[in-house]
>>> print(open('target_4.csv').read())   # CSV, C-alpha atoms
chain,number,residue,atom,x,y,z
B,13,MET,CA,213.1,18.9,140.2
B,14,GLU,CA,213.5,16.2,137.6
B,15,THR,CA,211.7,13.7,140.0
B,16,ALA,CA,208.8,16.2,140.6
B,17,SER,CA,208.5,16.8,136.8
B,18,VAL,CA,208.2,13.1,136.1
B,19,LEU,CA,205.5,12.7,138.7
B,20,LEU,CA,203.6,15.8,137.4
B,21,GLN,CA,203.7,14.7,133.8
B,22,SER,CA,202.4,11.1,134.6
B,23,ARG,CA,198.7,10.7,133.7
B,24,THR,CA,198.2,7.5,135.7
B,25,ILE,CA,199.2,6.4,139.1
B,26,PRO,CA,200.6,2.8,139.4
B,27,PHE,CA,199.1,0.4,141.8
B,28,GLY,CA,200.5,1.3,145.2
B,29,PHE,CA,200.4,0.7,148.9
B,30,ASN,CA,199.2,2.2,152.1
B,31,LEU,CA,201.3,3.9,154.7
B,32,LYS,CA,199.9,4.4,158.2
B,33,CYS,CA,201.3,6.6,160.9
B,34,ASN,CA,204.3,8.7,160.3
B,35,GLN,CA,206.9,6.9,158.0
B,36,ILE,CA,210.1,8.2,156.5
B,37,VAL,CA,210.5,7.8,152.8
B,38,SER,CA,214.2,8.0,151.9
B,39,CYS,CA,215.7,8.9,148.5
B,40,ARG,CA,219.1,7.4,148.9
B,41,GLN,CA,220.4,8.9,145.6
B,42,PHE,CA,219.8,12.4,146.9
B,43,ASN,CA,220.6,11.6,150.6
B,44,LYS,CA,217.3,13.2,151.5
B,45,GLN,CA,214.2,12.2,153.5
B,46,PHE,CA,210.5,12.9,153.1
B,47,GLN,CA,208.2,12.7,156.1
B,48,SER,CA,205.0,11.1,154.9
B,49,LYS,CA,201.7,12.1,156.5
B,50,GLY,CA,200.0,8.9,155.3
B,51,PHE,CA,198.4,7.4,152.2
B,52,TYR,CA,194.8,6.4,152.0
B,53,SER,CA,193.4,4.2,149.2
B,54,HIS,CA,190.3,4.9,147.3
B,55,GLN,CA,188.0,2.7,145.3
B,56,SER,CA,188.7,3.7,141.7
B,57,LEU,CA,191.7,3.1,139.4
B,58,LYS,CA,190.8,5.9,137.0
B,59,PRO,CA,193.6,8.0,135.7
B,60,ILE,CA,194.1,11.5,137.1
B,61,GLN,CA,192.7,14.0,134.7
B,62,ASN,CA,194.5,17.0,136.1
B,63,PRO,CA,198.2,16.5,136.9
B,64,SER,CA,198.2,19.4,139.2
B,65,SER,CA,196.0,17.5,141.7
B,66,PHE,CA,198.9,15.2,142.5
B,67,GLY,CA,202.1,16.6,143.8
B,68,LEU,CA,204.6,16.8,146.5
B,69,LEU,CA,202.9,19.8,148.2
B,70,PRO,CA,199.8,19.5,150.3
B,71,SER,CA,196.7,20.2,148.2
B,72,PRO,CA,193.1,19.2,148.6
B,73,LEU,CA,191.5,16.8,146.1
B,74,HIS,CA,188.4,17.5,144.1
B,75,LYS,CA,185.6,16.0,146.1
B,76,THR,CA,183.7,15.1,142.9
B,77,ARG,CA,186.3,12.7,141.6
B,78,THR,CA,187.4,9.4,143.3
B,79,GLN,CA,191.1,8.6,143.0
B,80,PHE,CA,193.3,5.6,143.9
B,81,PHE,CA,195.7,7.7,146.0
B,82,SER,CA,195.1,10.8,148.0
B,83,PRO,CA,197.9,13.3,147.5
B,84,LEU,CA,201.3,12.6,149.0
B,85,LYS,CA,202.0,14.7,152.0
B,86,CYS,CA,205.6,14.8,153.1
B,87,SER,CA,208.2,17.1,154.5
B,88,PHE,CA,211.7,17.7,153.3
B,89,SER,CA,214.7,17.2,155.6
B,90,ASP,CA,218.5,17.6,155.1
B,91,ILE,CA,219.3,15.4,158.2
B,92,PRO,CA,220.7,12.0,157.1
B,93,SER,CA,218.9,9.0,158.4
B,94,SER,CA,220.3,7.1,161.4
B,95,ASP,CA,219.7,3.8,159.4
B,96,SER,CA,222.2,4.9,156.9
B,97,GLN,CA,225.0,5.0,159.5
B,98,ASN,CA,227.4,2.1,159.4
B,99,PRO,CA,226.9,0.0,162.6
B,100,LEU,CA,230.5,-1.1,162.4
B,101,LEU,CA,231.6,2.4,163.2
B,102,LYS,CA,229.5,2.8,166.4
B,103,PRO,CA,232.3,1.4,168.7
B,104,PHE,CA,234.6,4.1,167.3
B,105,LYS,CA,232.1,6.9,167.7
B,106,ASN,CA,233.3,8.1,171.1
B,107,LEU,CA,236.9,7.1,170.4
B,108,SER,CA,239.4,9.9,171.0
B,109,PHE,CA,243.0,10.4,171.7
B,110,ASP,CA,242.3,11.2,175.3
B,111,SER,CA,240.4,7.9,175.9
B,112,VAL,CA,243.2,5.9,174.3
B,113,LYS,CA,245.7,7.8,176.4
B,114,SER,CA,243.8,7.1,179.6
B,115,SER,CA,243.4,3.4,178.8
B,116,LEU,CA,247.2,3.1,178.2
B,117,SER,CA,247.9,4.9,181.5
B,118,GLU,CA,245.9,2.4,183.4
B,119,LEU,CA,248.0,-0.5,182.3
B,120,THR,CA,250.1,-2.2,184.9
B,121,PRO,CA,253.1,-4.6,184.5
B,122,ILE,CA,250.9,-7.5,185.6
B,123,LYS,CA,248.3,-6.7,183.0
B,124,ILE,CA,251.0,-6.3,180.3
B,125,VAL,CA,252.5,-9.7,181.2
B,126,LYS,CA,249.0,-11.3,181.3
B,127,TRP,CA,248.0,-10.0,177.9
B,128,ALA,CA,251.5,-10.8,176.4
B,129,THR,CA,251.2,-14.4,177.7
B,130,THR,CA,247.7,-14.8,176.3
B,131,VAL,CA,248.7,-13.5,172.9
B,132,SER,CA,251.8,-15.7,172.9
B,133,LEU,CA,249.9,-18.8,173.8
B,134,GLY,CA,247.2,-18.0,171.2
B,135,ILE,CA,249.9,-17.6,168.5
B,136,ALA,CA,251.7,-20.8,169.5
B,137,ALA,CA,248.4,-22.8,169.5
B,138,THR,CA,247.5,-21.4,166.1
B,139,LYS,CA,250.9,-22.2,164.7
B,140,TRP,CA,250.8,-25.8,166.1
B,141,THR,CA,247.2,-26.3,164.8
B,142,VAL,CA,248.1,-25.1,161.3
B,143,LYS,CA,251.3,-27.2,161.3
B,144,LEU,CA,249.4,-30.3,162.4
B,145,ALA,CA,246.6,-29.7,159.9
B,146,PHE,CA,249.1,-29.6,157.0
B,147,SER,CA,251.2,-32.6,158.2
B,148,PRO,CA,250.7,-35.6,156.0
B,149,PHE,CA,251.7,-38.0,158.8
B,150,PHE,CA,248.8,-36.7,160.9
B,151,TRP,CA,246.2,-37.4,158.2
B,152,MET,CA,247.8,-40.8,157.5
B,153,TYR,CA,247.1,-42.0,161.0
B,154,PHE,CA,243.9,-40.0,161.7
B,155,SER,CA,241.4,-41.7,159.5
B,156,TRP,CA,238.3,-43.8,159.8
B,157,SER,CA,240.2,-47.1,160.0
B,158,TRP,CA,243.5,-46.1,161.6
B,159,LEU,CA,243.2,-43.7,164.5
B,160,PHE,CA,246.4,-42.2,166.0
B,161,TRP,CA,246.1,-42.5,169.8
B,162,PRO,CA,246.6,-39.2,171.6
B,163,TRP,CA,248.0,-39.8,175.0
B,164,PHE,CA,247.1,-36.4,176.3
B,165,VAL,CA,243.4,-37.1,175.8
B,166,ALA,CA,243.7,-40.4,177.7
B,167,ILE,CA,245.5,-38.8,180.6
B,168,ALA,CA,243.2,-35.8,180.7
B,169,LEU,CA,240.2,-38.2,180.7
B,170,ALA,CA,241.7,-40.2,183.6
B,171,VAL,CA,242.4,-37.1,185.6
B,172,TYR,CA,238.8,-35.8,185.1
B,173,GLY,CA,237.4,-39.2,185.9
B,174,LEU,CA,239.3,-39.3,189.2
B,175,TYR,CA,238.0,-35.8,190.0
B,176,CYS,CA,234.4,-36.9,189.3
B,177,PHE,CA,234.9,-40.1,191.3
B,178,ARG,CA,235.9,-38.0,194.3
B,179,LYS,CA,232.7,-36.0,194.0
B,180,HIS,CA,230.7,-39.2,193.5
B,181,SER,CA,232.2,-40.6,196.8
B,182,ILE,CA,230.7,-37.6,198.7
B,183,GLY,CA,227.4,-37.7,196.8
B,184,GLU,CA,227.9,-34.6,194.7
B,185,ALA,CA,228.4,-36.0,191.2
B,186,SER,CA,225.9,-35.1,188.5
B,187,ILE,CA,224.8,-37.5,185.7
B,188,VAL,CA,227.4,-36.1,183.4
B,189,GLU,CA,230.1,-36.6,185.9
B,190,GLN,CA,229.0,-40.1,186.6
B,191,LEU,CA,229.1,-40.8,182.9
B,192,ALA,CA,232.6,-39.3,182.8
B,193,ILE,CA,233.7,-41.8,185.5
B,194,VAL,CA,232.4,-44.8,183.5
B,195,THR,CA,233.8,-43.5,180.2
B,196,SER,CA,237.3,-42.9,181.6
B,197,VAL,CA,237.4,-46.4,183.1
B,198,PHE,CA,236.2,-48.1,179.9
B,199,ALA,CA,238.7,-46.1,177.8
B,200,TRP,CA,241.5,-47.3,179.9
B,201,LEU,CA,240.2,-50.9,179.7
B,202,THR,CA,239.4,-51.2,176.0
B,203,LEU,CA,241.2,-48.4,174.1
B,204,VAL,CA,244.4,-47.4,175.9
B,205,PRO,CA,246.0,-50.9,176.2
B,206,PRO,CA,245.8,-51.9,172.5
B,207,ALA,CA,246.6,-48.3,171.4
B,208,TYR,CA,249.8,-48.5,173.6
B,209,PHE,CA,251.0,-51.8,172.2
B,210,ASN,CA,250.0,-51.1,168.6
B,211,GLY,CA,250.4,-47.4,168.2
B,212,TYR,CA,247.0,-47.1,166.5
B,213,LEU,CA,243.4,-48.3,167.0
B,214,GLU,CA,241.0,-50.2,164.8
B,215,GLY,CA,238.3,-52.9,164.9
B,216,TRP,CA,237.4,-54.6,168.2
B,217,PRO,CA,238.6,-52.0,170.7
B,218,PHE,CA,236.1,-49.5,169.4
B,219,VAL,CA,233.3,-52.1,169.4
B,220,PHE,CA,233.9,-53.1,173.0
B,221,PHE,CA,234.2,-49.5,174.1
B,222,PHE,CA,230.6,-49.0,173.2
B,223,VAL,CA,229.4,-52.5,174.2
B,224,TYR,CA,230.8,-51.9,177.8
B,225,HIS,CA,228.9,-48.7,178.0
B,226,TYR,CA,225.7,-50.3,176.9
B,227,PHE,CA,226.2,-53.3,179.2
B,228,PHE,CA,226.8,-51.4,182.4
B,229,PHE,CA,224.0,-48.9,181.9
B,230,PHE,CA,221.3,-51.5,181.9
B,231,ASN,CA,220.5,-51.1,185.6
B,232,ILE,CA,220.3,-47.3,185.1
B,233,SER,CA,217.9,-47.7,182.2
B,234,VAL,CA,215.8,-49.9,184.5
B,235,ARG,CA,215.6,-47.1,187.1
B,236,LYS,CA,214.6,-44.7,184.3
B,237,ARG,CA,211.9,-47.1,183.2
B,238,LEU,CA,210.5,-47.6,186.7
B,239,TYR,CA,210.9,-44.2,188.3
B,240,GLY,CA,211.4,-41.8,185.4
B,241,ASP,CA,215.0,-40.7,186.4
B,242,TYR,CA,218.4,-42.2,186.8
B,243,TYR,CA,219.0,-41.8,190.6
B,244,ALA,CA,219.1,-44.7,193.1
B,245,ARG,CA,216.5,-44.7,195.8
B,246,PRO,CA,217.2,-44.8,199.6
B,247,HIS,CA,217.0,-48.4,200.8
B,248,ASP,CA,218.0,-50.7,203.7
B,249,PRO,CA,221.9,-50.6,203.8
B,250,LYS,CA,222.0,-54.3,204.8
B,251,TRP,CA,221.4,-55.1,201.1
B,252,ASP,CA,224.6,-53.3,200.1
B,253,VAL,CA,226.5,-56.5,200.3
B,254,ASN,CA,230.2,-56.1,199.4
B,255,PRO,CA,233.5,-57.8,200.3
B,256,PRO,CA,236.1,-55.8,202.1
B,257,LYS,CA,237.5,-52.7,200.4
B,258,TRP,CA,240.9,-54.2,199.8
B,259,TYR,CA,239.3,-57.2,198.2
B,260,ARG,CA,237.3,-55.0,195.8
B,261,LEU,CA,240.5,-53.0,195.1
B,262,LEU,CA,242.3,-56.3,194.2
B,263,PHE,CA,239.4,-57.2,191.9
B,264,CYS,CA,239.6,-53.9,190.0
B,265,VAL,CA,243.4,-54.1,189.7
B,266,GLY,CA,243.0,-57.7,188.4
B,267,VAL,CA,240.5,-56.7,185.8
B,268,MET,CA,242.7,-53.9,184.6
B,269,VAL,CA,245.7,-56.1,184.4
B,270,GLY,CA,243.8,-58.7,182.5
B,271,HIS,CA,242.8,-56.2,179.8
B,272,TRP,CA,246.4,-55.0,179.5
B,273,LEU,CA,247.6,-58.6,179.3
B,274,ALA,CA,245.1,-59.2,176.5
B,275,ALA,CA,246.3,-56.3,174.5
B,276,PHE,CA,249.9,-57.4,175.1
B,277,GLU,CA,249.2,-61.1,174.2
B,278,ALA,CA,247.0,-60.3,171.1
B,279,PRO,CA,248.5,-60.0,167.7
B,280,GLU,CA,248.6,-56.6,165.9
B,281,LEU,CA,245.1,-55.3,165.3
B,282,HIS,CA,245.3,-55.4,161.5
B,283,ARG,CA,246.3,-59.1,161.7
B,284,ILE,CA,243.2,-60.1,163.6
B,285,PRO,CA,241.1,-62.0,161.0
B,286,GLY,CA,237.7,-60.6,160.1
B,287,GLY,CA,234.6,-61.9,158.3
B,288,TRP,CA,232.9,-65.1,159.2
B,289,SER,CA,235.6,-66.0,161.8
B,290,ASN,CA,234.1,-63.4,164.1
B,291,VAL,CA,230.5,-64.6,164.0
B,292,GLY,CA,231.0,-66.5,167.2
B,293,VAL,CA,232.2,-63.3,168.9
B,294,TRP,CA,229.2,-61.4,167.8
B,295,ILE,CA,226.9,-64.2,169.1
B,296,LEU,CA,228.6,-64.0,172.5
B,297,ILE,CA,228.2,-60.2,172.6
B,298,VAL,CA,224.4,-60.6,171.9
B,299,VAL,CA,224.0,-63.4,174.5
B,300,THR,CA,225.9,-61.3,177.1
B,301,LEU,CA,223.7,-58.2,176.5
B,302,LEU,CA,220.5,-60.2,176.6
B,303,MET,CA,221.5,-62.0,179.8
B,304,GLN,CA,222.4,-58.8,181.5
B,305,TYR,CA,219.2,-57.0,180.4
B,306,ASN,CA,216.9,-59.9,181.4
B,307,SER,CA,218.6,-60.5,184.7
B,308,THR,CA,218.4,-56.8,185.7
B,309,LEU,CA,214.8,-56.5,184.5
B,310,TYR,CA,213.5,-59.6,186.3
B,311,LEU,CA,215.4,-58.7,189.4
B,312,ALA,CA,213.9,-55.2,189.4
B,313,LYS,CA,210.3,-56.6,188.9
B,314,TYR,CA,210.7,-58.6,192.1
B,315,SER,CA,212.6,-56.0,194.1
B,316,GLU,CA,211.8,-52.8,195.9
B,317,LYS,CA,213.7,-49.8,194.7
B,318,VAL,CA,215.7,-52.1,192.4
B,319,VAL,CA,217.9,-53.2,195.3
B,320,VAL,CA,215.8,-54.9,198.0
B,321,PRO,CA,214.3,-58.2,196.7
B,322,THR,CA,210.7,-59.0,197.7
B,323,ALA,CA,210.7,-62.6,196.4
B,324,VAL,CA,213.0,-65.3,195.1
B,325,VAL,CA,213.4,-64.7,191.4
B,326,GLN,CA,213.2,-68.0,189.4
B,327,PHE,CA,212.4,-66.6,185.9
B,328,GLY,CA,214.5,-65.7,182.9
B,329,PRO,CA,218.3,-66.4,183.3
B,330,TYR,CA,217.7,-67.3,187.0
B,331,ARG,CA,216.3,-70.7,185.8
B,332,TRP,CA,219.9,-71.7,184.8
B,333,VAL,CA,222.2,-69.9,187.2
B,334,ARG,CA,221.7,-68.2,190.6
B,335,HIS,CA,223.8,-65.1,189.8
B,336,PRO,CA,223.3,-64.3,186.1
B,337,VAL,CA,224.4,-60.7,186.5
B,338,TYR,CA,227.8,-61.7,187.6
B,339,ALA,CA,227.9,-64.5,185.0
B,340,SER,CA,227.2,-62.0,182.2
B,341,THR,CA,230.0,-59.7,183.5
B,342,MET,CA,232.5,-62.5,183.3
B,343,LEU,CA,231.2,-63.5,179.9
B,344,LEU,CA,231.7,-59.9,178.7
B,345,PHE,CA,235.4,-59.8,179.8
B,346,ALA,CA,236.0,-63.2,178.3
B,347,THR,CA,234.5,-62.2,175.0
B,348,TYR,CA,236.8,-59.2,174.9
B,349,CYS,CA,239.8,-61.4,175.3
B,350,LEU,CA,238.5,-63.9,172.8
B,351,ALA,CA,237.9,-61.2,170.2
B,352,LEU,CA,241.6,-60.1,170.6
B,353,ARG,CA,242.8,-63.7,170.3
B,354,ALA,CA,244.2,-63.7,173.9
B,355,PRO,CA,243.4,-67.1,175.5
B,356,LEU,CA,245.8,-66.8,178.4
B,357,SER,CA,244.4,-63.4,179.4
B,358,LEU,CA,240.9,-64.9,179.1
B,359,MET,CA,241.7,-67.5,181.7
B,360,PHE,CA,243.3,-64.9,184.0
B,361,VAL,CA,240.3,-62.6,183.8
B,362,VAL,CA,237.8,-65.4,184.4
B,363,ALA,CA,239.9,-66.6,187.4
B,364,VAL,CA,239.9,-63.1,188.9
B,365,CYS,CA,236.1,-62.7,188.4
B,366,LEU,CA,235.4,-66.2,189.9
B,367,MET,CA,237.4,-65.4,193.1
B,368,TYR,CA,235.7,-62.1,193.6
B,369,TYR,CA,232.1,-63.1,192.7
B,370,GLU,CA,232.3,-66.3,194.7
B,371,GLN,CA,233.0,-64.3,197.8
B,372,LYS,CA,230.3,-61.7,197.0
B,373,ALA,CA,227.7,-64.5,196.2
B,374,LYS,CA,228.3,-66.2,199.5
B,375,LEU,CA,227.5,-63.0,201.4
B,376,GLU,CA,224.4,-62.4,199.3
B,377,GLU,CA,223.1,-66.0,199.7
B,378,VAL,CA,223.5,-65.8,203.5
B,379,LEU,CA,221.3,-62.7,203.5
B,380,MET,CA,218.8,-64.4,201.1
B,381,VAL,CA,218.5,-67.4,203.4
B,382,GLU,CA,217.9,-65.1,206.4
B,383,THR,CA,215.2,-63.2,204.5
B,384,PHE,CA,213.3,-66.0,202.6
B,385,GLY,CA,214.4,-69.1,204.5
B,386,GLU,CA,213.2,-72.4,202.9
B,387,SER,CA,212.0,-70.7,199.8
B,388,TYR,CA,215.6,-69.8,198.8
B,389,LEU,CA,217.0,-73.1,200.0
B,390,GLU,CA,214.6,-74.9,197.7
B,391,TYR,CA,215.6,-72.7,194.8
B,392,ALA,CA,219.3,-73.2,195.5
B,393,SER,CA,218.8,-77.0,195.5
B,394,LYS,CA,217.0,-76.8,192.2
B,395,VAL,CA,219.4,-74.4,190.5
B,396,ARG,CA,222.8,-75.6,191.6
B,397,CYS,CA,224.9,-73.6,189.1
B,398,LYS,CA,226.1,-70.2,190.5
B,399,PHE,CA,227.7,-68.6,187.5
B,400,ILE,CA,228.4,-71.0,184.6
B,401,PRO,CA,225.7,-73.4,183.4
B,402,PHE,CA,226.4,-77.1,184.0
B,403,VAL,CA,229.4,-76.2,186.2
B,404,TYR,CA,228.6,-76.8,189.9
>>> encode(input="target_4.csv", output="structure tokens")
Amino acid sequence: METASVLLQSRTIPFGFNLKCNQIVSCRQFNKQFQSKGFYSHQSLKPIQNPSSFGLLPSPLHKTRTQFFSPLKCSFSDIPSSDSQNPLLKPFKNLSFDSVKSSLSELTPIKIVKWATTVSLGIAATKWTVKLAFSPFFWMYFSWSWLFWPWFVAIALAVYGLYCFRKHSIGEASIVEQLAIVTSVFAWLTLVPPAYFNGYLEGWPFVFFFVYHYFFFFNISVRKRLYGDYYARPHDPKWDVNPPKWYRLLFCVGVMVGHWLAAFEAPELHRIPGGWSNVGVWILIVVTLLMQYNSTLYLAKYSEKVVVPTAVVQFGPYRWVRHPVYASTMLLFATYCLALRAPLSLMFVVAVCLMYYEQKAKLEEVLMVETFGESYLEYASKVRCKFIPFVY
């Protein structure tokens, strides 16, 4: 009644709002609701001369006076609003002792063991995580410059890479799975060996991990540029020139051994000098990337479906060496060994690459002579270097 009295004693109506359709006006202090029948605005802001013309009960207005509000029409209800109910209590609305009893009666020994194992593993994992997070030794190694090498990550990445490689061998690997294959291989080439011999990682291993990715994805980026996707196109299988499988396997093993030898031969990572002494290494990295990119791009321009050549390419890096793609790959491996200050490993890796690419280049040149004849022979007599400029 106090609220009604205040409304009745007021001589002016404050500037208000319109409510259309049926709305619920809730007075939370009284836990009551009023069902409104709608407000309709009028054109005048004059005060109400007769307080009895405005109230909570339906009453007609005087037709001779224009007011800002028509009288409030509402209904009174003792039913609490559903909006006032706590949504957190909804799951427990139908909870009863019988439902709990029936759920417990459905438990089997297998379910109990399963849930107990899950809870135990969750508690153990949480305990291990908290203990590791508050360990000062973990934060001493895990920083931006010194990264503690987790072996379980390397092994898990290798296992997943082998799984993706099996799918790739049967033509079922997706783009992400192909990327996983490359990432696992490069991790075991550039990151795992120095991490094993040093106990931590910093500097050049991280740089070459990303450089290797950028280098070997040039041909895929060319497919994206020409065709709009990353997938290889069907082509004549005679252009898939490769030495025997055992020869390719020996090459892969030799490259892996060369990288591990480089990590073993190199000094500790924090003793490798920095600053201006590494300018030459950076120049070699840039030269390697540019050689690979230009070689792949020029070869794709004069090739069908990126694989089948349609002419003898004599532009770009092909003006100096006949196989610049293989030359850039050897230069990349040599630059990695040079950055780690491992000259003996550098010579070993270059020797492995020369033996493999020499065999592969012979097979390709035989096919080029069969396809282009005198045109390729003239080019070979003019550009006599296969891989290394000024070395015949």
>>> closest_residue(input="target_4.csv", among="B:Ala185, B:Met367, B:Leu133, B:Leu203", to="Gly215 of chain B", atoms="only C-alpha atoms")
B:Leu203
>>> closest_residue(input="target_4.csv", among="B:Phe230, B:Gly328, B:Asn290, B:Trp251", to="Gln304 of chain B", atoms="all atoms listed in the file")
B:Phe230
>>> residues_around(input="target_4.csv", residues="Val204 of chain B", least_positions_apart="4", cutoff="10 Å", atoms="all atoms listed in the file", output="list in words")
Trp161, Pro162, Trp163, Ala166, Ile167, Phe198, Ala199, Trp200, Tyr208, Phe209, Asn210, Gly211, Tyr212, Leu213, Pro217, His271, Trp272 and Ala275 of chain B
>>> residues_around(input="target_4.csv", residues="Ala323 of chain B", least_positions_apart="2", cutoff="10 Å", atoms="all atoms listed in the file", output="count of residues only")
14
>>> closest_residue(input="target_4.csv", among="B:Leu273, B:Pro255, B:Phe263, B:Ile284", to="Leu366 of chain B", atoms="only C-alpha atoms")
B:Phe263
>>> decode(input="target_4.csv", residues="segment 346-364 of chain B", atoms="N, CA, C and O atoms", output="short mmCIF file (atom, residue, chain, number, x, y, z; two decimals), in the first residue's frame")
data_model
loop_
_atom_site.label_atom_id
_atom_site.label_comp_id
_atom_site.auth_asym_id
_atom_site.auth_seq_id
_atom_site.Cartn_x
_atom_site.Cartn_y
_atom_site.Cartn_z
N ALA B 346 75.56 -28.46 -45.42
CA ALA B 346 76.91 -27.97 -45.12
C ALA B 346 76.85 -26.73 -44.24
O ALA B 346 77.69 -26.56 -43.33
N THR B 347 75.88 -25.86 -44.46
CA THR B 347 75.75 -24.65 -43.63
C THR B 347 75.40 -25.00 -42.20
O THR B 347 75.88 -24.36 -41.25
N TYR B 348 74.58 -26.02 -42.00
CA TYR B 348 74.25 -26.47 -40.64
C TYR B 348 75.51 -26.93 -39.91
O TYR B 348 75.74 -26.54 -38.75
N CYS B 349 76.33 -27.74 -40.57
CA CYS B 349 77.57 -28.21 -39.94
C CYS B 349 78.54 -27.05 -39.70
O CYS B 349 79.23 -27.00 -38.67
N LEU B 350 78.57 -26.11 -40.62
CA LEU B 350 79.44 -24.95 -40.45
C LEU B 350 79.00 -24.09 -39.28
O LEU B 350 79.83 -23.56 -38.53
N ALA B 351 77.69 -23.93 -39.10
CA ALA B 351 77.18 -23.12 -37.99
C ALA B 351 77.52 -23.76 -36.64
O ALA B 351 77.78 -23.04 -35.67
N LEU B 352 77.55 -25.08 -36.59
CA LEU B 352 77.89 -25.77 -35.34
C LEU B 352 79.40 -25.96 -35.16
O LEU B 352 79.83 -26.55 -34.17
N ARG B 353 80.19 -25.45 -36.12
CA ARG B 353 81.66 -25.58 -36.05
C ARG B 353 82.06 -27.05 -36.04
O ARG B 353 82.78 -27.52 -35.15
N ALA B 354 81.56 -27.77 -37.07
CA ALA B 354 81.86 -29.21 -37.19
C ALA B 354 82.37 -29.48 -38.60
O ALA B 354 81.61 -29.95 -39.47
N PRO B 355 83.65 -29.21 -38.89
CA PRO B 355 84.16 -29.36 -40.26
C PRO B 355 84.23 -30.80 -40.75
O PRO B 355 83.97 -31.07 -41.92
N LEU B 356 84.56 -31.74 -39.88
CA LEU B 356 84.62 -33.13 -40.31
C LEU B 356 83.24 -33.66 -40.70
O LEU B 356 83.10 -34.38 -41.70
N SER B 357 82.24 -33.30 -39.94
CA SER B 357 80.88 -33.70 -40.27
C SER B 357 80.42 -33.05 -41.56
O SER B 357 79.66 -33.64 -42.34
N LEU B 358 80.87 -31.83 -41.81
CA LEU B 358 80.54 -31.14 -43.06
C LEU B 358 81.04 -31.94 -44.26
O LEU B 358 80.30 -32.17 -45.23
N MET B 359 82.28 -32.39 -44.20
CA MET B 359 82.83 -33.16 -45.31
C MET B 359 82.11 -34.50 -45.46
O MET B 359 81.88 -34.96 -46.59
N PHE B 360 81.74 -35.12 -44.35
CA PHE B 360 81.02 -36.39 -44.41
C PHE B 360 79.66 -36.21 -45.09
O PHE B 360 79.28 -37.00 -45.98
N VAL B 361 78.90 -35.18 -44.69
CA VAL B 361 77.57 -34.96 -45.27
C VAL B 361 77.68 -34.62 -46.75
O VAL B 361 76.88 -35.12 -47.57
N VAL B 362 78.63 -33.80 -47.12
CA VAL B 362 78.79 -33.44 -48.53
C VAL B 362 79.15 -34.68 -49.36
O VAL B 362 78.65 -34.87 -50.48
N ALA B 363 79.99 -35.55 -48.81
CA ALA B 363 80.35 -36.77 -49.53
C ALA B 363 79.14 -37.67 -49.73
O ALA B 363 78.94 -38.24 -50.82
N VAL B 364 78.31 -37.81 -48.70
CA VAL B 364 77.10 -38.63 -48.82
C VAL B 364 76.17 -38.06 -49.88
O VAL B 364 75.63 -38.80 -50.73
#
